[in-house]
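Data block for input-v7.pdb (PDB, C-alpha atoms and all ligand atoms):
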```
MODEL        1
ATOM      1  CA  MET C1338      -4.580  12.388  -1.098
ATOM      2  CA  ASN C1339      -6.986  13.811  -3.699
ATOM      3  CA  ASN C1340     -10.665  13.047  -4.043
ATOM      4  CA  GLY C1341     -11.803  13.500  -7.603
ATOM      5  CA  LYS C1342     -14.512  12.366  -9.948
ATOM      6  CA  LEU C1343     -13.895   9.941 -12.757
ATOM      7  CA  ASN C1344     -15.452  10.555 -16.159
ATOM      8  CA  LEU C1345     -16.054   7.350 -18.094
ATOM      9  CA  ASP C1346     -16.983   8.857 -21.501
ATOM     10  CA  SER C1347     -13.650   7.987 -23.105
ATOM     11  CA  ALA C1348     -13.728   4.484 -21.574
ATOM     12  CA  GLN C1349     -17.152   4.004 -23.149
ATOM     13  CA  ALA C1350     -15.752   5.061 -26.531
ATOM     14  CA  VAL C1351     -12.859   2.575 -26.149
ATOM     15  CA  LEU C1352     -15.350  -0.211 -25.368
ATOM     16  CA  ASP C1353     -17.346   0.632 -28.505
ATOM     17  CA  GLU C1354     -14.198   0.187 -30.611
ATOM     18  CA  HIS C1355     -13.953  -3.386 -29.317
ATOM     19  CA  ARG C1356     -17.650  -4.230 -29.442
ATOM     20  CA  GLU C1357     -17.343  -7.376 -31.553
ATOM     21  CA  THR C1358     -14.798  -9.056 -29.263
ATOM     22  CA  LEU C1359     -16.586  -7.935 -26.109
ATOM     23  CA  ASP C1360     -19.966  -9.163 -27.353
ATOM     24  CA  ARG C1361     -18.428 -12.626 -27.769
ATOM     25  CA  PHE C1362     -16.969 -12.418 -24.255
ATOM     26  CA  SER C1363     -20.426 -11.438 -22.961
ATOM     27  CA  GLU C1364     -22.086 -14.367 -24.776
ATOM     28  CA  LEU C1365     -19.552 -16.807 -23.294
ATOM     29  CA  LEU C1366     -20.047 -15.369 -19.804
ATOM     30  CA  ILE C1367     -23.834 -15.582 -19.967
ATOM     31  CA  ALA C1368     -23.794 -19.064 -21.558
ATOM     32  CA  GLU C1369     -21.297 -20.562 -19.099
ATOM     33  CA  ASN C1370     -22.509 -18.738 -16.015
ATOM     34  CA  GLN C1371     -24.793 -21.474 -14.763
ATOM     35  CA  LYS C1372     -22.152 -24.144 -15.169
ATOM     36  CA  TYR C1373     -19.408 -22.176 -13.398
ATOM     37  CA  ASN C1374     -21.406 -19.838 -11.127
ATOM     38  CA  LEU C1375     -19.326 -16.909 -12.371
ATOM     39  CA  THR C1376     -21.397 -13.802 -11.743
ATOM     40  CA  ARG C1377     -24.694 -12.460 -10.425
ATOM     41  CA  ILE C1378     -24.824 -10.037 -13.319
ATOM     42  CA  ASP C1379     -26.414 -11.786 -16.253
ATOM     43  CA  SER C1380     -28.216  -9.437 -18.656
ATOM     44  CA  PRO C1381     -26.184  -8.227 -21.667
ATOM     45  CA  GLU C1382     -26.646  -4.561 -20.643
ATOM     46  CA  GLN C1383     -25.545  -5.270 -17.073
ATOM     47  CA  VAL C1384     -22.521  -7.222 -18.277
ATOM     48  CA  TRP C1385     -21.570  -4.342 -20.574
ATOM     49  CA  VAL C1386     -21.806  -1.670 -17.876
ATOM     50  CA  ARG C1387     -21.124  -3.428 -14.560
ATOM     51  CA  HIS C1388     -18.328  -5.652 -15.872
ATOM     52  CA  PHE C1389     -16.871  -4.181 -19.073
ATOM     53  CA  LEU C1390     -17.233  -0.438 -18.484
ATOM     54  CA  ASP C1391     -16.351  -0.827 -14.803
ATOM     55  CA  SER C1392     -13.186  -2.738 -15.769
ATOM     56  CA  LEU C1393     -12.086   0.351 -17.706
ATOM     57  CA  ALA C1394     -12.534   2.710 -14.732
ATOM     58  CA  GLY C1395      -8.747   2.505 -14.317
ATOM     59  CA  LEU C1396      -7.890   2.903 -18.008
ATOM     60  CA  SER C1397      -7.006   6.616 -17.998
ATOM     61  CA  VAL C1398      -4.693   6.139 -14.994
ATOM     62  CA  LEU C1399      -3.017   3.194 -16.734
ATOM     63  CA  ASP C1400      -2.674   5.036 -20.055
ATOM     64  CA  GLU C1401      -0.998   7.873 -18.212
ATOM     65  CA  LEU C1402       1.463   5.540 -16.470
ATOM     66  CA  SER C1403       2.257   3.797 -19.760
ATOM     67  CA  LYS C1404       2.943   7.176 -21.366
ATOM     68  CA  LYS C1405       5.223   8.101 -18.482
ATOM     69  CA  THR C1406       7.252   4.869 -18.548
ATOM     70  CA  GLY C1407       7.298   4.854 -22.361
ATOM     71  CA  LYS C1408       6.747   1.096 -22.298
ATOM     72  CA  PRO C1409       3.796  -1.303 -22.565
ATOM     73  CA  LEU C1410       2.561  -2.084 -19.066
ATOM     74  CA  LYS C1411       2.940  -5.380 -17.229
ATOM     75  CA  ILE C1412      -0.225  -5.838 -15.167
ATOM     76  CA  LEU C1413      -1.234  -8.464 -12.625
ATOM     77  CA  ASP C1414      -4.948  -8.812 -11.844
ATOM     78  CA  ILE C1415      -5.495 -10.578  -8.521
ATOM     79  CA  GLY C1416      -8.676 -12.527  -7.752
ATOM     80  CA  SER C1417      -9.821 -11.941 -11.295
ATOM     81  CA  GLY C1418     -12.862 -14.264 -11.131
ATOM     82  CA  ALA C1419     -14.341 -14.448 -14.617
ATOM     83  CA  GLY C1420     -11.671 -12.006 -15.849
ATOM     84  CA  PHE C1421     -12.484  -8.577 -14.385
ATOM     85  CA  PRO C1422     -10.871  -6.156 -14.818
ATOM     86  CA  GLY C1423      -7.850  -8.050 -16.282
ATOM     87  CA  LEU C1424      -9.191  -9.589 -19.475
ATOM     88  CA  VAL C1425     -11.088  -6.450 -20.497
ATOM     89  CA  LEU C1426      -7.906  -4.376 -20.103
ATOM     90  CA  ALA C1427      -6.034  -6.975 -22.189
ATOM     91  CA  ILE C1428      -8.668  -6.764 -24.942
ATOM     92  CA  VAL C1429      -8.571  -2.971 -25.261
ATOM     93  CA  ARG C1430      -4.780  -2.619 -24.909
ATOM     94  CA  PRO C1431      -3.262  -5.568 -26.824
ATOM     95  CA  VAL C1432       0.348  -4.387 -26.338
ATOM     96  CA  TRP C1433       0.132  -4.616 -22.551
ATOM     97  CA  GLN C1434       0.909  -7.955 -20.859
ATOM     98  CA  VAL C1435      -1.836  -9.009 -18.471
ATOM     99  CA  THR C1436      -1.405 -11.860 -15.987
ATOM    100  CA  SER C1437      -4.576 -12.995 -14.319
ATOM    101  CA  LEU C1438      -4.265 -14.699 -10.931
ATOM    102  CA  GLU C1439      -7.256 -16.576  -9.539
ATOM    103  CA  ALA C1440      -7.564 -19.100  -6.701
ATOM    104  CA  THR C1441     -10.541 -21.073  -8.049
ATOM    105  CA  GLU C1442      -9.656 -23.530 -10.799
ATOM    106  CA  LYS C1443     -13.016 -23.521 -12.582
ATOM    107  CA  LYS C1444     -12.801 -19.731 -12.993
ATOM    108  CA  VAL C1445      -9.292 -20.031 -14.431
ATOM    109  CA  LYS C1446     -10.619 -22.635 -16.882
ATOM    110  CA  PHE C1447     -13.327 -20.230 -17.961
ATOM    111  CA  GLN C1448     -10.767 -17.440 -18.458
ATOM    112  CA  LYS C1449      -8.544 -19.754 -20.528
ATOM    113  CA  MET C1450     -11.504 -20.650 -22.701
ATOM    114  CA  VAL C1451     -12.273 -16.951 -23.219
ATOM    115  CA  CYS C1452      -8.637 -16.171 -24.128
ATOM    116  CA  ASP C1453      -8.532 -19.078 -26.619
ATOM    117  CA  THR C1454     -11.887 -18.273 -28.189
ATOM    118  CA  LEU C1455     -11.123 -14.564 -28.559
ATOM    119  CA  GLY C1456      -7.542 -15.252 -29.698
ATOM    120  CA  LEU C1457      -5.959 -13.056 -27.011
ATOM    121  CA  LYS C1458      -2.154 -13.141 -27.282
ATOM    122  CA  ASN C1459      -1.227 -10.871 -24.362
ATOM    123  CA  THR C1460      -2.713 -12.774 -21.427
ATOM    124  CA  THR C1461      -1.386 -15.375 -18.985
ATOM    125  CA  THR C1462      -3.791 -17.144 -16.648
ATOM    126  CA  LEU C1463      -2.515 -18.435 -13.348
ATOM    127  CA  ASN C1464      -4.308 -20.683 -10.861
ATOM    128  CA  GLY C1465      -3.001 -19.831  -7.394
ATOM    129  CA  ARG C1466      -3.312 -17.752  -4.260
ATOM    130  CA  ALA C1467      -1.805 -14.270  -4.120
ATOM    131  CA  GLU C1468      -0.243 -14.736  -0.679
ATOM    132  CA  ALA C1469       1.739 -17.744  -1.944
ATOM    133  CA  VAL C1470       2.615 -16.517  -5.451
ATOM    134  CA  ALA C1471       3.850 -13.166  -4.028
ATOM    135  CA  HIS C1472       6.850 -14.944  -2.465
ATOM    136  CA  HIS C1473       8.121 -16.351  -5.803
ATOM    137  CA  ALA C1474      11.071 -14.406  -7.193
ATOM    138  CA  ALA C1475       9.550 -14.486 -10.679
ATOM    139  CA  TYR C1476       6.558 -12.486  -9.421
ATOM    140  CA  ARG C1477       7.980 -10.391  -6.572
ATOM    141  CA  GLN C1478       8.211  -6.716  -7.533
ATOM    142  CA  ARG C1479       7.871  -7.610 -11.232
ATOM    143  CA  PHE C1480       4.738  -5.718 -12.289
ATOM    144  CA  ASP C1481       4.093  -2.083 -13.161
ATOM    145  CA  VAL C1482       0.582  -2.381 -11.828
ATOM    146  CA  VAL C1483      -1.499  -4.703  -9.732
ATOM    147  CA  THR C1484      -5.293  -4.500 -10.060
ATOM    148  CA  ALA C1485      -8.046  -6.004  -7.909
ATOM    149  CA  ARG C1486     -11.826  -5.652  -7.917
ATOM    150  CA  ALA C1487     -14.094  -6.945  -5.173
ATOM    151  CA  LEU C1488     -11.357  -8.899  -3.438
ATOM    152  CA  ALA C1489     -10.889  -7.792   0.192
ATOM    153  CA  PRO C1490     -10.853  -4.843   2.624
ATOM    154  CA  MET C1491      -7.983  -2.393   2.094
ATOM    155  CA  PRO C1492      -5.463  -3.661   4.704
ATOM    156  CA  VAL C1493      -5.838  -7.230   3.390
ATOM    157  CA  LEU C1494      -5.658  -6.016  -0.204
ATOM    158  CA  ALA C1495      -2.472  -4.076   0.499
ATOM    159  CA  GLU C1496      -0.794  -7.116   2.018
ATOM    160  CA  LEU C1497      -1.947  -9.477  -0.753
ATOM    161  CA  SER C1498      -1.073  -7.245  -3.661
ATOM    162  CA  LEU C1499       1.744  -4.743  -3.085
ATOM    163  CA  GLY C1500       4.589  -7.286  -3.032
ATOM    164  CA  PHE C1501       4.050  -7.805  -6.774
ATOM    165  CA  VAL C1502       4.540  -4.141  -7.676
ATOM    166  CA  LYS C1503       7.811  -2.532  -8.815
ATOM    167  CA  ILE C1504       8.876   0.589  -6.930
ATOM    168  CA  GLY C1505       7.248   3.504  -8.724
ATOM    169  CA  GLY C1506       4.398   1.259  -9.877
ATOM    170  CA  LEU C1507       0.739   1.332  -8.846
ATOM    171  CA  GLY C1508      -1.880  -0.654  -6.980
ATOM    172  CA  LEU C1509      -5.336   0.005  -8.452
ATOM    173  CA  TYR C1510      -8.330  -1.085  -6.400
ATOM    174  CA  TRP C1511     -11.991  -1.101  -7.467
ATOM    175  CA  LYS C1512     -14.078  -0.266  -4.405
ATOM    176  CA  GLY C1513     -17.605   0.590  -3.284
ATOM    177  CA  PRO C1514     -18.911   4.022  -2.257
ATOM    178  CA  SER C1515     -17.777   4.232   1.358
ATOM    179  CA  VAL C1516     -14.073   4.156   0.761
ATOM    180  CA  LYS C1517     -13.126   7.247   2.771
ATOM    181  CA  GLU C1518     -13.247   5.634   6.205
ATOM    182  CA  GLU C1519     -11.729   2.420   4.867
ATOM    183  CA  LEU C1520      -8.765   4.410   3.550
ATOM    184  CA  GLN C1521      -8.298   6.360   6.726
ATOM    185  CA  THR C1522      -8.042   3.201   8.795
ATOM    186  CA  ALA C1523      -5.834   1.497   6.181
ATOM    187  CA  GLN C1524      -3.275   4.275   5.788
ATOM    188  CA  ALA C1525      -0.734   2.789   8.219
ATOM    189  CA  ALA C1526      -1.087  -0.705   6.733
ATOM    190  CA  ILE C1527      -0.505   0.623   3.208
ATOM    191  CA  LYS C1528       2.594   2.490   4.399
ATOM    192  CA  GLN C1529       3.879  -0.621   6.147
ATOM    193  CA  MET C1530       3.564  -2.480   2.813
ATOM    194  CA  GLY C1531       5.752   0.145   1.105
ATOM    195  CA  ALA C1532       3.074   2.260  -0.547
ATOM    196  CA  LYS C1533       1.088   5.457  -0.146
ATOM    197  CA  ILE C1534      -2.445   6.386  -1.144
ATOM    198  CA  GLU C1535      -2.196   8.659  -4.125
ATOM    199  CA  ASN C1536      -5.804   9.240  -5.077
ATOM    200  CA  SER C1537      -9.366   8.078  -4.711
ATOM    201  CA  LEU C1538     -11.769   8.742  -7.570
ATOM    202  CA  SER C1539     -15.532   8.314  -7.422
ATOM    203  CA  TYR C1540     -17.808   7.341 -10.298
ATOM    204  CA  THR C1541     -21.326   6.106 -10.974
ATOM    205  CA  LEU C1542     -22.463   3.281 -13.219
ATOM    206  CA  GLN C1543     -25.971   3.622 -14.574
ATOM    207  CA  THR C1544     -28.093   0.949 -16.248
ATOM    208  CA  GLU C1545     -31.768   0.963 -17.198
ATOM    209  CA  ASP C1546     -32.748  -2.086 -15.191
ATOM    210  CA  ALA C1547     -31.054  -1.318 -11.841
ATOM    211  CA  LYS C1548     -30.278   1.436  -9.336
ATOM    212  CA  PRO C1549     -27.155   3.523 -10.088
ATOM    213  CA  ALA C1550     -24.050   2.008  -8.552
ATOM    214  CA  LYS C1551     -21.790   4.439  -6.705
ATOM    215  CA  LEU C1552     -18.204   3.225  -6.797
ATOM    216  CA  SER C1553     -14.628   4.349  -6.329
ATOM    217  CA  LEU C1554     -11.185   3.625  -7.647
ATOM    218  CA  VAL C1555      -8.288   3.792  -5.201
ATOM    219  CA  ILE C1556      -4.785   4.426  -6.488
ATOM    220  CA  CYS C1557      -1.742   3.547  -4.360
ATOM    221  CA  LYS C1558       1.847   4.193  -5.347
ATOM    222  CA  LYS C1559       4.640   1.821  -4.371
ATOM    223  CA  VAL C1560       7.485   3.846  -2.899
ATOM    224  CA  ASN C1561       9.513   1.255  -0.956
ATOM    225  CA  ALA C1562      10.086  -2.497  -1.034
ATOM    226  CA  MET C1563       7.578  -4.560   0.927
ATOM    227  CA  PRO C1564       9.146  -6.305   3.954
ATOM    228  CA  LYS C1565      10.110  -9.879   3.028
ATOM    229  CA  GLN C1566       7.899 -11.572   5.623
ATOM    230  CA  TYR C1567       4.745 -10.273   3.906
ATOM    231  CA  PRO C1568       2.280 -11.450   2.769
ATOM    232  CA  ARG C1569       1.665 -13.830   5.652
ATOM    233  CA  VAL C1570      -0.418 -17.000   5.273
ATOM    234  CA  TYR C1571      -4.110 -16.310   4.686
ATOM    235  CA  GLY C1572      -5.334 -17.544   8.067
ATOM    236  CA  ILE C1573      -3.069 -15.033   9.829
ATOM    237  CA  ILE C1574      -3.898 -12.183   7.429
ATOM    238  CA  LYS C1575      -7.598 -12.708   8.215
ATOM    239  CA  LYS C1576      -7.149 -13.241  11.933
ATOM    240  CA  LYS C1577      -4.662 -10.430  12.476
ATOM    241  CA  PRO C1578      -5.142  -7.857   9.695
ATOM    242  CA  LEU C1579      -2.527  -5.114   9.590
ATOM    243  CA  ALA C1580      -3.515  -2.281  11.907
TER     244      ALA C1580
HETATM  245  N1  LIG X1601     -12.375  -9.545  -9.713
HETATM  246  C1  LIG X1601     -13.556 -10.307 -10.086
HETATM  247  C2  LIG X1601     -13.916 -11.388  -9.051
HETATM  248  C3  LIG X1601     -14.206 -10.880  -7.658
HETATM  249  S1  LIG X1601     -14.654 -12.148  -6.512
HETATM  250  C4  LIG X1601     -14.723  -9.377 -10.293
HETATM  251  O1  LIG X1601     -14.648  -8.249  -9.830
HETATM  252  O2  LIG X1601     -15.712  -9.778 -10.918
HETATM  253  C5  LIG X1601     -13.074 -12.458  -5.739
HETATM  254  C6  LIG X1601     -12.284 -13.530  -6.461
HETATM  255  O3  LIG X1601     -11.009 -13.582  -5.850
HETATM  256  C7  LIG X1601     -12.885 -14.926  -6.348
HETATM  257  O4  LIG X1601     -12.974 -15.464  -7.647
HETATM  258  C8  LIG X1601     -11.881 -15.694  -5.498
HETATM  259  O5  LIG X1601     -11.743 -17.044  -5.902
HETATM  260  C9  LIG X1601     -10.593 -14.923  -5.718
HETATM  261  N2  LIG X1601      -9.652 -14.915  -4.576
HETATM  262  C10 LIG X1601      -9.955 -14.706  -3.264
HETATM  263  N3  LIG X1601      -8.837 -14.697  -2.506
HETATM  264  C11 LIG X1601      -7.792 -14.900  -3.365
HETATM  265  C12 LIG X1601      -6.375 -14.990  -3.171
HETATM  266  N4  LIG X1601      -5.846 -14.867  -1.969
HETATM  267  N5  LIG X1601      -5.603 -15.200  -4.262
HETATM  268  C13 LIG X1601      -6.150 -15.326  -5.499
HETATM  269  N6  LIG X1601      -7.491 -15.247  -5.725
HETATM  270  C14 LIG X1601      -8.308 -15.029  -4.678
ENDMDL
END
```
Represent the structure from my file as structure tokens, please.
Amino acid sequence: MNNGKLNLDSAQAVLDEHRETLDRFSELLIAENQKYNLTRIDSPEQVWVRHFLDSLAGLSVLDELSKKTGKPLKILDIGSGAGFPGLVLAIVRPVWQVTSLEATEKKVKFQKMVCDTLGLKNTTTLNGRAEAVAHHAAYRQRFDVVTARALAPMPVLAELSLGFVKIGGLGLYWKGPSVKEELQTAQAAIKQMGAKIENSLSYTLQTEDAKPAKLSLVICKKVNAMPKQYPRVYGIIKKKPLA
């Protein structure tokens, strides 16, 4: 496993190219936030950095994979909430297909409204739970990449997400600063789910009105099929997380 630093300068430049669309997304998020209780982050600058720029923390890794496969990527974003990182990735890379899976109906409604208003043609929104959807043949091992931000601790994340990924594909996880220990304890669980930790990259998000946020992006590579009995039902996953 490598431990590197992530530079977000090029991600910032990509965001700037899509400023008009993203400003409309930001306005919708701030306007609808009270109604839907979508996010704690509610100033335009915070939305830009903590949601939009952060969503692109994985962009260089994804661009590289897309170059390698020579095809537009098929991405599944699990527990996407108000659409992060999935909808931002869909906006900046319109040839990729992004499916956004979210358990809470009102959040899916918000995402649909955003996709309609912004005229996004490469997104599918899905209201459901990862541990159930992962057993459907149409979704099992069908995606180049699965993404998840702020969803669950690593062993739970591995179980919820890796069944969706094709062999050779990636799991990309947006994490906080203290990922080292979490990864060490999760190594066996990730292996059991058919993957290995490939890299962990740290980065900092800086805004004027808040303390710098120290974050990391974890990259797992799917090397084997995930055993059929996984993921288990959520109650069991929580009660008996993979060791
Ligand atoms: N990724 C978004 C939201 C994080 S909050 C962001 O970073 O802003 C976690 C979200 O995951 C919540 O909206 C919750 O409803 C959803 N969620 C939790 N467990 C889930 C599951 N098993 N399947 C699908 N969605 C789930």
Worksheet item: Quick one: residues within 10 Å of C:Lys1512, all atoms listed in the file counted, chain neighbours fewer than 4 positions away excluded, as a PyMOL selection string?
Response: chain C and resi 1485-1491+1516+1519+1537-1539+1551-1555
Keeping only C-alpha atoms, write the selected residues as a PDB file, keeping the file's coordinate frame.
```pdb
ATOM      1  CA  ALA C1485      -8.046  -6.004  -7.909  1.00  0.00           C
ATOM      2  CA  ARG C1486     -11.826  -5.652  -7.917  1.00  0.00           C
ATOM      3  CA  ALA C1487     -14.094  -6.945  -5.173  1.00  0.00           C
ATOM      4  CA  LEU C1488     -11.357  -8.899  -3.438  1.00  0.00           C
ATOM      5  CA  ALA C1489     -10.889  -7.792   0.192  1.00  0.00           C
ATOM      6  CA  PRO C1490     -10.853  -4.843   2.624  1.00  0.00           C
ATOM      7  CA  MET C1491      -7.983  -2.393   2.094  1.00  0.00           C
ATOM      8  CA  VAL C1516     -14.073   4.156   0.761  1.00  0.00           C
ATOM      9  CA  GLU C1519     -11.729   2.420   4.867  1.00  0.00           C
ATOM     10  CA  SER C1537      -9.366   8.078  -4.711  1.00  0.00           C
ATOM     11  CA  LEU C1538     -11.769   8.742  -7.570  1.00  0.00           C
ATOM     12  CA  SER C1539     -15.532   8.314  -7.422  1.00  0.00           C
ATOM     13  CA  LYS C1551     -21.790   4.439  -6.705  1.00  0.00           C
ATOM     14  CA  LEU C1552     -18.204   3.225  -6.797  1.00  0.00           C
ATOM     15  CA  SER C1553     -14.628   4.349  -6.329  1.00  0.00           C
ATOM     16  CA  LEU C1554     -11.185   3.625  -7.647  1.00  0.00           C
ATOM     17  CA  VAL C1555      -8.288   3.792  -5.201  1.00  0.00           C
TER      18      VAL C1555
END
```
Item to complete: Expand the PyMOL selection byres (((chain C and resi 1375) around 8) and not hetatm) into the individual residues it matches in the shown file, reporting them as a PyMOL selection string.
Response: chain C and resi 1366+1369-1371+1373-1374+1376-1377+1418-1419+1444
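Atom pair atom CA of C:Lys1577 / atom N3 of ligand LIG 1601 (chain X) has a distance of 16.1 Å (rounded to one decimal).
The two atoms in question, atom CA of C:Lys1565 and atom CA of C:Gln1524, are spaced 19.7 Å apart.
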Show me, as lines of an AutoDock Vina configuration file, the centre and edge lengths in Å to one decimal of the axis-aligned box that covers every listed atom of ligand LIG 1601 (chain X) with 3 Å on each side.
```
center_x = -10.7
center_y = -12.6
center_z = -6.4
size_x = 16.1
size_y = 14.8
size_z = 14.9
```
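The gap separating atom CA of C:Trp1511 from atom CA of C:Asp1346 is 17.9 Å, in Å to one decimal.
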Discussion item. I'd like to know which of C:Thr1484, C:Asn1459, C:Ser1397, C:Asn1464 is closest to C:Phe1447, using all atoms listed in the file.
Written reply: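 That would be C:Asn1464, the residue with the smallest distance to C:Phe1447.
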